[in-house]
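Data first, discussion second: the structure below is written as structure tokens.
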Amino acid sequence: MTHEELQQLAGQLSQPSGTYGLTVSEMMHETNISMTKHAIASLQLCPHEHILELGHGNAAHLPYLLEQAAGLVYSGLELSELMHTEAKRINDTLLHRADFTLYDGIIFPFPENFFDKVFTVNTIYFWQQPLDTLNECYRVMKPGGRLCITFGEASFMQQLPFTQFGFTLYSSDTVTALAGNTPFTITGIESQKELIKSKTGESIERTYSTITLSK
């Protein structure tokens with residue numbers, strides 16, 4: 001891919017838009033589903049909990065999430081208007097148990113102590129104010145709640161040519177160090193390796209981690 005094509009791909013991964021954004025969102029769902037399932041498993045969902053996801057993309061994983069326990073309710077936050085609309089379209093039969101909201105990437109439009117669990121997959125690279133985002137997660141989470149952050153390790157991500165455009169890369173150490181500046185308690189660090197097809201077409205081994213934080 002050319003420099004311009006890589007830059008365009010990076011922008012779409014951050015905030016999908018237009019026809020190309022739909023293609024990229026489908027690709028993201030396919031390549032990230034194992035990471036998403038790992039994050040969901042790490043939440044240790046219980047019946048009737050209210051779950052918040054940051055950066056849900058097309059939310060094609062929502063039926064899988066809602067099957068994990070009885071009576072779950074879901075809320076999703078997105079920067080991308082396209083993904084906001086697409087998630088509602090794909091999950092139109094689940095809107096009695098799910099809602100989708102656009103936000104500015106910083107302030108969560110929810111009251112304190114509102115959610116039982118919060119998770120996010122492959123969004124931390126794009127957080128404008130990481131510490132503020134973590135503190136917002138803490139604010140909207142009920143006491144005893146759990147936050148799971150799943151991301152590609154920097155050692156892997158730096159091999160991808162598009163991450164030079166607008167990505168901030170993290171390791172487990174840098175994420176836990178960041179979390180150490182918040183009231184959260186670090187309760188889990190788990191890493192996985194898998195062989196995937198990259199967004200530029202190559203087969204590569206991906207290393208990713210889920211950091212679990214508790215309130």
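Quick note on naming: the chains in the structure tokens go A, B, ... in the order shown, residues restart at 1 in each chain, and ligands are numbered from 1 in order of appearance.
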
List as a ChimeraX atom specification the protein and nucleic acid residues near segment 108-120 of chain A, meaning an atom at most 9 Å away when only C-alpha atoms are counted, but skip any in the same chain fewer than 6 places from it.
/A:36,39-40,43-45,49-56,77,101,133,136-151

Using DSSP assignments from the backbone, pull out every residue in segment 10-133 of chain A that falls under alpha helix (DSSP H) and give it to me as a ChimeraX atom specification.
/A:10-14,18-43,62-66,81-90,130-133

Just want the 10 Å neighbourhood of His38 of chain A, counted on only C-alpha atoms, with same-chain residues fewer than 3 positions away dropped. Output as a list in words.
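So the residues in contact are Asn32, Ile33, Ser34, Met35, Ala41, Ser42, Leu43, Val121, Cys148, Thr150, Glu190, Ser191, Gln192, Tyr208, Ser209 and Thr210 of chain A.
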
May I have the selected residues written with N, CA and C atoms, as a PDB file, in the first residue's frame?
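Contents of again.pdb, as written:
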ATOM      1  N   ASN A  32     -11.076  -8.758  14.595  1.00  0.00           N
ATOM      2  CA  ASN A  32     -11.027  -8.465  16.033  1.00  0.00           C
ATOM      3  C   ASN A  32     -11.948  -9.328  16.875  1.00  0.00           C
ATOM      4  N   ILE A  33     -12.724 -10.230  16.236  1.00  0.00           N
ATOM      5  CA  ILE A  33     -13.747 -10.935  17.005  1.00  0.00           C
ATOM      6  C   ILE A  33     -13.148 -11.777  18.127  1.00  0.00           C
ATOM      7  N   SER A  34     -11.981 -12.365  17.908  1.00  0.00           N
ATOM      8  CA  SER A  34     -11.381 -13.160  18.995  1.00  0.00           C
ATOM      9  C   SER A  34     -10.985 -12.260  20.163  1.00  0.00           C
ATOM     10  N   MET A  35     -10.494 -11.067  19.875  1.00  0.00           N
ATOM     11  CA  MET A  35     -10.159 -10.115  20.934  1.00  0.00           C
ATOM     12  C   MET A  35     -11.415  -9.675  21.677  1.00  0.00           C
ATOM     13  N   ALA A  41     -15.334 -12.327  27.840  1.00  0.00           N
ATOM     14  CA  ALA A  41     -15.110 -13.379  28.841  1.00  0.00           C
ATOM     15  C   ALA A  41     -14.494 -12.806  30.107  1.00  0.00           C
ATOM     16  N   SER A  42     -13.594 -11.840  29.936  1.00  0.00           N
ATOM     17  CA  SER A  42     -12.908 -11.250  31.083  1.00  0.00           C
ATOM     18  C   SER A  42     -13.842 -10.409  31.947  1.00  0.00           C
ATOM     19  N   LEU A  43     -14.971  -9.972  31.388  1.00  0.00           N
ATOM     20  CA  LEU A  43     -15.939  -9.196  32.163  1.00  0.00           C
ATOM     21  C   LEU A  43     -16.619 -10.026  33.246  1.00  0.00           C
ATOM     22  N   VAL A 121     -12.304  -2.521  23.045  1.00  0.00           N
ATOM     23  CA  VAL A 121     -11.371  -3.344  22.270  1.00  0.00           C
ATOM     24  C   VAL A 121     -10.753  -2.496  21.159  1.00  0.00           C
ATOM     25  N   CYS A 148     -12.608  -3.825  31.359  1.00  0.00           N
ATOM     26  CA  CYS A 148     -11.649  -4.623  30.598  1.00  0.00           C
ATOM     27  C   CYS A 148     -11.210  -3.857  29.360  1.00  0.00           C
ATOM     28  N   THR A 150      -8.873  -4.218  26.081  1.00  0.00           N
ATOM     29  CA  THR A 150      -8.184  -5.183  25.235  1.00  0.00           C
ATOM     30  C   THR A 150      -7.516  -4.450  24.086  1.00  0.00           C
ATOM     31  N   GLU A 190      -3.836 -10.431  31.158  1.00  0.00           N
ATOM     32  CA  GLU A 190      -3.759 -11.689  30.419  1.00  0.00           C
ATOM     33  C   GLU A 190      -3.407 -11.406  28.969  1.00  0.00           C
ATOM     34  N   SER A 191      -2.425 -12.115  28.442  1.00  0.00           N
ATOM     35  CA  SER A 191      -1.982 -11.941  27.062  1.00  0.00           C
ATOM     36  C   SER A 191      -2.239 -13.202  26.253  1.00  0.00           C
ATOM     37  N   GLN A 192      -2.499 -13.002  24.955  1.00  0.00           N
ATOM     38  CA  GLN A 192      -2.772 -14.090  24.032  1.00  0.00           C
ATOM     39  C   GLN A 192      -1.984 -13.878  22.743  1.00  0.00           C
ATOM     40  N   TYR A 208      -1.908  -9.829  21.882  1.00  0.00           N
ATOM     41  CA  TYR A 208      -2.794  -8.835  22.478  1.00  0.00           C
ATOM     42  C   TYR A 208      -2.998  -9.144  23.953  1.00  0.00           C
ATOM     43  N   SER A 209      -3.442  -8.132  24.666  1.00  0.00           N
ATOM     44  CA  SER A 209      -3.641  -8.269  26.113  1.00  0.00           C
ATOM     45  C   SER A 209      -4.981  -7.680  26.537  1.00  0.00           C
ATOM     46  N   THR A 210      -5.492  -8.214  27.628  1.00  0.00           N
ATOM     47  CA  THR A 210      -6.651  -7.636  28.300  1.00  0.00           C
ATOM     48  C   THR A 210      -6.239  -7.274  29.718  1.00  0.00           C
TER      49      THR A 210
END

Interatomic distance, atom CA of Leu95 of chain A to atom CA of Gly71 of chain A (Å, one decimal):
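Straight-line distance from atom CA of Leu95 of chain A to atom CA of Gly71 of chain A works out to 13.3 Å.
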
Do you know which residues are at most 9 Å from Gly152 of chain A counting only C-alpha atoms, after dropping those on the same chain fewer than 2 positions away, and could you put them as a count of residues only?
13

Could you work out how far atom CA of Glu78 of chain A lies from atom CA of Thr187 of chain A, giving the answer in Å with one decimal?
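So the answer is 26.5 Å.
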
Per residue of segment 33-79 of chain A within 9 Å of segment 25-29 of chain A, which atom pair is closest and at what distance in Å (one decimal), using only C-alpha atoms, listed by chain and increasing number, as a Markdown table?
| residue | atom | partner | partner_atom | distance |
| --- | --- | --- | --- | --- |
| A:Ile33 | CA | A:His29 | CA | 5.7 |
| A:Thr36 | CA | A:His29 | CA | 8.8 |
| A:Gly57 | CA | A:Ser25 | CA | 6.3 |
| A:Asn58 | CA | A:Ser25 | CA | 6.2 |
| A:Ala59 | CA | A:His29 | CA | 8.0 |
| A:Ala60 | CA | A:His29 | CA | 7.0 |
| A:His61 | CA | A:His29 | CA | 7.8 |

Keeping only C-alpha atoms, write those residues as a PDB file, in the first residue's frame.
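Saved the output as again23.pdb:
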ATOM      1  CA  ILE A  33     -13.747 -10.935  17.005  1.00  0.00           C
ATOM      2  CA  THR A  36     -13.732  -9.006  21.526  1.00  0.00           C
ATOM      3  CA  GLY A  57     -17.796  -0.277  15.594  1.00  0.00           C
ATOM      4  CA  ASN A  58     -20.622  -2.013  13.740  1.00  0.00           C
ATOM      5  CA  ALA A  59     -21.475  -3.968  16.934  1.00  0.00           C
ATOM      6  CA  ALA A  60     -21.977  -7.207  15.016  1.00  0.00           C
ATOM      7  CA  HIS A  61     -20.778  -8.932  18.193  1.00  0.00           C
TER       8      HIS A  61
END

Minimum-distance residue to Met83 of chain A, chosen among A:Gln129, A:Phe162, A:Ser17, A:Leu178 (using only C-alpha atoms)
A:Ser17

Shortest interatomic distance to Thr19 of chain A - which of A:Glu4, A:Glu194, A:Glu202, A:Glu86, counting only C-alpha atoms:
A:Glu86

Find, counting only C-alpha atoms, the residue in A:His3, A:Ala87, A:Asp173, A:Ala98 that gets nearest to Val73 of chain A.
A:Ala98

So, with only C-alpha atoms as the atoms that count, which of A:Leu134, A:Met1, A:Ile211, A:Leu160 lies closest to Gly105 of chain A?
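Result for the nearest residue to Gly105 of chain A: A:Leu134.
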